[in-house]
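Engineer: Here's a structure for you.
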Amino acid sequence: MLPLSTDLNSAQFLSSNLFRVHDVRDPYPSLENAGLGHYADRALLMPGTVVIADGIDPGYLQFLARVDIGAPAHGRVIQVPVTGTLLASCPAAMLRDLKHGQLFEFFLPTASVRHLVDSLNHQYQNVVWGPSPKLAAQVNHKGWLRRHFEGWGQISFPAHSTHDFQQRIAIAQSGEAYTKRYQSAAVKAANLATGEGIEIVNQKNWPVVLSQLLSRLTDSGYTDEIIVERAYMPHSSFSVQLEITEGGPQFLAITRQIIGNQSTHNGNVISTSATTGLNPSTIDALVQRALIAAGELHRLGYRGYIGFDFIRPDTGEHRSQLFVLEANGRVTGAMYPLAVLAQVLRHHGAPLVIMSDNLPCATDLTWPRIHDLYRAAGILFDGYTGILPVGPRLLGTGKAITYAIGITEADVEHLMAQARSILSGVLLSPSH
């Protein structure tokens with residue numbers, strides 16, 4: 001079995017019949033504090049109608065159209081003035097521009113999404129591609145996922161304990177016990193986005209680090225569950241992307257995840273063939289387990305995208321065993337590079353590899369400058385291979401979302417290294 005579906009073109013996520021509003025600030029308001037509200041611009045990489053905040057550099061839209069990627073080439077881009085969240089700012093655009101037969105696609109269905117759809121006098125289940133807000137909230141909750149699938153045999157989780165947030169003594173006791181038994185443990189908020197509210201602790205630092213984490217969560221208003229579980233170091237990290245339609249779950253792709261400090265997700269490697277650490281037996285096992293879990297969610301009424309994150313310990317008695325860490329019932333970060341890969345494959349075919357990563361950059365870097373730097377280096381994406389800059393409005397936060405597309409894994413690693421070197425050179429130049 002290959003790590004990429006051979007039937008991607010029939011998948012819903014590539015449909016031009018979707019009206020996409022990928023507002024990350026609605027479900028994750030903390031991202032706005034970090035200046036990351038423009039994550040919604042990633043939807044431009046997908047076909048269909050895409051709603052974004054106004055003010056994006058028109059040259060970037062022209063570039064995407066020229067390389068035949070996303071809404072600028074295969075749909076429409078609607079820019080709206082934004083006050084507060086993108087979601088709250090676009091009802092007028094929705095009423096005016098939703099075409100007959102189109103379906104709304106939201107980054108993550110929430111109560112705000114349901115309220116918006118109701119205000120437009122639409123029946124939610126008839127016009128929204130995605131799960132109900134209630135079911136999405138359950139699936140995204142790490143505690144719910146563990147309770148629901150515990151004991152399913154092939155769906156395994158690391159050894160763990162779950163506590164109410166107020167059970168500080170019990171949380172501390174678990175932290176001490178897990179680090180004593182396993183050397184390291186992951187302490188995580190059960191109901192926050194990937195990488196938020198998680199710390200890896202060991203026998204020496206657990207009292208201080210745990211106390212700091214709980215203090216941060218308290219200050220942020222978090223009151224939900226805390227999970228303490230065995231941390232496997234080192235490990236390999238994978239994510240299985242699927243979509244669940246009326247007919248059942250459909251496998252899309254396996255990604256090898258790029259994980260940064262404190263288990264934050266930085267990017268993915270997606271390939272038309274096996275890649276480093278992803279051999280045929282691992283591919284089969286990952287897909288089988290994900291389909292079992294997705295089949296159960298289908299039975300519960302879940303419809304929409306889903307990503308299951310797995311780890312595989314690299315050493316120890318559980319070496320090569322697969323453990324589920326979480327499910328992401330939303331448009332995942334892997335869906336955007338997957339959409340780019342699928343569009344390139346339509347014209348050029350396999351083999352092909354895409355790598356996505358978040359690279360540090362100077363905060364005054366602009367789209368014209370980064371375009372010219374990559375073009376001068378001969379690595380700017382040309383519709384087949386090269387470096388594709390993503391979400392140029394995020395450059396002002398010091399974050400350059402970067403996709404490298406090439407024929408082999410070595411190609412994309414070399415391209416990403418070149419991009420990193422160019423961005424570092426700008427960051428360290430005398431003008432900065």
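In the structure tokens, chains take the letters A, B, ... in the order shown, each chain's residues start at 1, and ligands count up from 1 in the order shown.
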Show me, as a Markdown table, the residues of region 171-269 of chain A having an atom within 9 Å of region 294-312 of chain A, each with the closest atom pair and its distance in Å, using only C-alpha atoms.
Structural biologist:
| residue | atom | partner | partner_atom | distance |
| --- | --- | --- | --- | --- |
| A:Tyr232 | CA | A:Arg312 | CA | 8.3 |
| A:Pro234 | CA | A:Arg312 | CA | 8.9 |
| A:His235 | CA | A:Arg312 | CA | 5.4 |
| A:Ser236 | CA | A:Arg312 | CA | 5.1 |
| A:Ser237 | CA | A:Ile311 | CA | 4.5 |
| A:Phe238 | CA | A:Phe310 | CA | 5.2 |
| A:Ser239 | CA | A:Asp309 | CA | 4.3 |
| A:Val240 | CA | A:Phe308 | CA | 5.2 |
| A:Gln241 | CA | A:Gly307 | CA | 4.5 |
| A:Leu242 | CA | A:Ile306 | CA | 5.4 |
| A:Glu243 | CA | A:Tyr305 | CA | 4.2 |
| A:Ile244 | CA | A:Arg303 | CA | 4.9 |
| A:Thr245 | CA | A:Arg303 | CA | 5.4 |
| A:Glu246 | CA | A:Arg303 | CA | 7.1 |
| A:Gly247 | CA | A:His298 | CA | 8.9 |
| A:Gly248 | CA | A:His298 | CA | 6.2 |
| A:Pro249 | CA | A:Ala294 | CA | 6.0 |
| A:Gln250 | CA | A:Ala294 | CA | 8.8 |
| A:Gln257 | CA | A:Asp309 | CA | 8.9 |
Engineer: Just list the residues in region 259-381 of chain A DSSP gives strand (DSSP E) on the backbone, as a ChimeraX atom specification.
Structural biologist: /A:259,265-271,304-313,323-328,353-360
Engineer: What's the separation between CA of Thr366 (chain A) and CA of His38 (chain A), in Å to one decimal place?
Structural biologist: 14.3 Å
Engineer: Using only C-alpha atoms, which residues sit within 12 Å of Gln183 (chain A) once same-chain residues fewer than 5 positions away are excluded, as a list in words?
Structural biologist: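 Selected residues are Gly175, Glu176, Ala177, Tyr178, Ile200, Val201, Asn202, Gln203, Lys204, Asn205, Trp206, Glu229, Arg230, Ala231, Tyr232 and Met233 of chain A.
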Engineer: I want to know what sits within 12 Å of Ser89 (chain A), based on only C-alpha atoms, with residues of the same chain fewer than 6 positions away left out; could you give that as a short mmCIF file (atom, residue, chain, number, x, y, z; two decimals) with C-alpha atoms, in the first residue's frame?
Structural biologist:
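Everything below was put into out.cif:
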data_model
loop_
_atom_site.label_atom_id
_atom_site.label_comp_id
_atom_site.auth_asym_id
_atom_site.auth_seq_id
_atom_site.Cartn_x
_atom_site.Cartn_y
_atom_site.Cartn_z
CA VAL A 21 -14.04 30.06 5.54
CA ASP A 23 -11.13 31.23 10.43
CA ASP A 26 -12.99 31.49 16.23
CA VAL A 51 -13.11 33.99 1.96
CA ILE A 52 -10.16 35.88 3.51
CA ALA A 53 -9.59 39.22 5.19
CA ASP A 54 -9.01 42.03 2.73
CA ILE A 78 -13.60 36.94 -1.73
CA GLN A 79 -11.91 39.56 0.44
CA VAL A 80 -13.96 41.08 3.25
CA PRO A 81 -13.24 43.87 5.76
CA VAL A 82 -12.68 42.16 9.10
CA THR A 83 -13.68 43.47 12.49
CA LEU A 116 -23.95 31.94 11.69
#
Engineer: List the neighbours of Thr385 (chain A) out to 12 Å using only C-alpha atoms; skip same-chain residues closer than 6 positions along the sequence, and give me the result as a PyMOL selection string.
Structural biologist: chain A and resi 67+340-341+344-345+347-348+351-355+378-379+403-408+411-412+415-416
Engineer: How far is it from CA of Arg147 (chain A) to CA of Ala172 (chain A), in Å with one decimal?
Structural biologist: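 Atom-to-atom, CA of Arg147 (chain A) and CA of Ala172 (chain A) are spaced 21.4 Å apart.
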Engineer: Identify, on the basis of only C-alpha atoms, every residue whose closest approach to region 323-329 of chain A does not exceed 9 Å; exclude the query and any residue fewer than 3 positions from it along the same chain; express the result as a ChimeraX atom specification.
Structural biologist: /A:108-109,130-131,135-142,145-146,155-158,193-194,304-313,332
Engineer: I want to know what sits within 10 Å of region 391-393 of chain A, based on only C-alpha atoms, with residues of the same chain fewer than 2 positions away left out; could you give that as an NGL selection string?
Structural biologist: :A and (35-45 or 55-57 or 60 or 365-368 or 370-371 or 388-389 or 395-397 or 399-402)
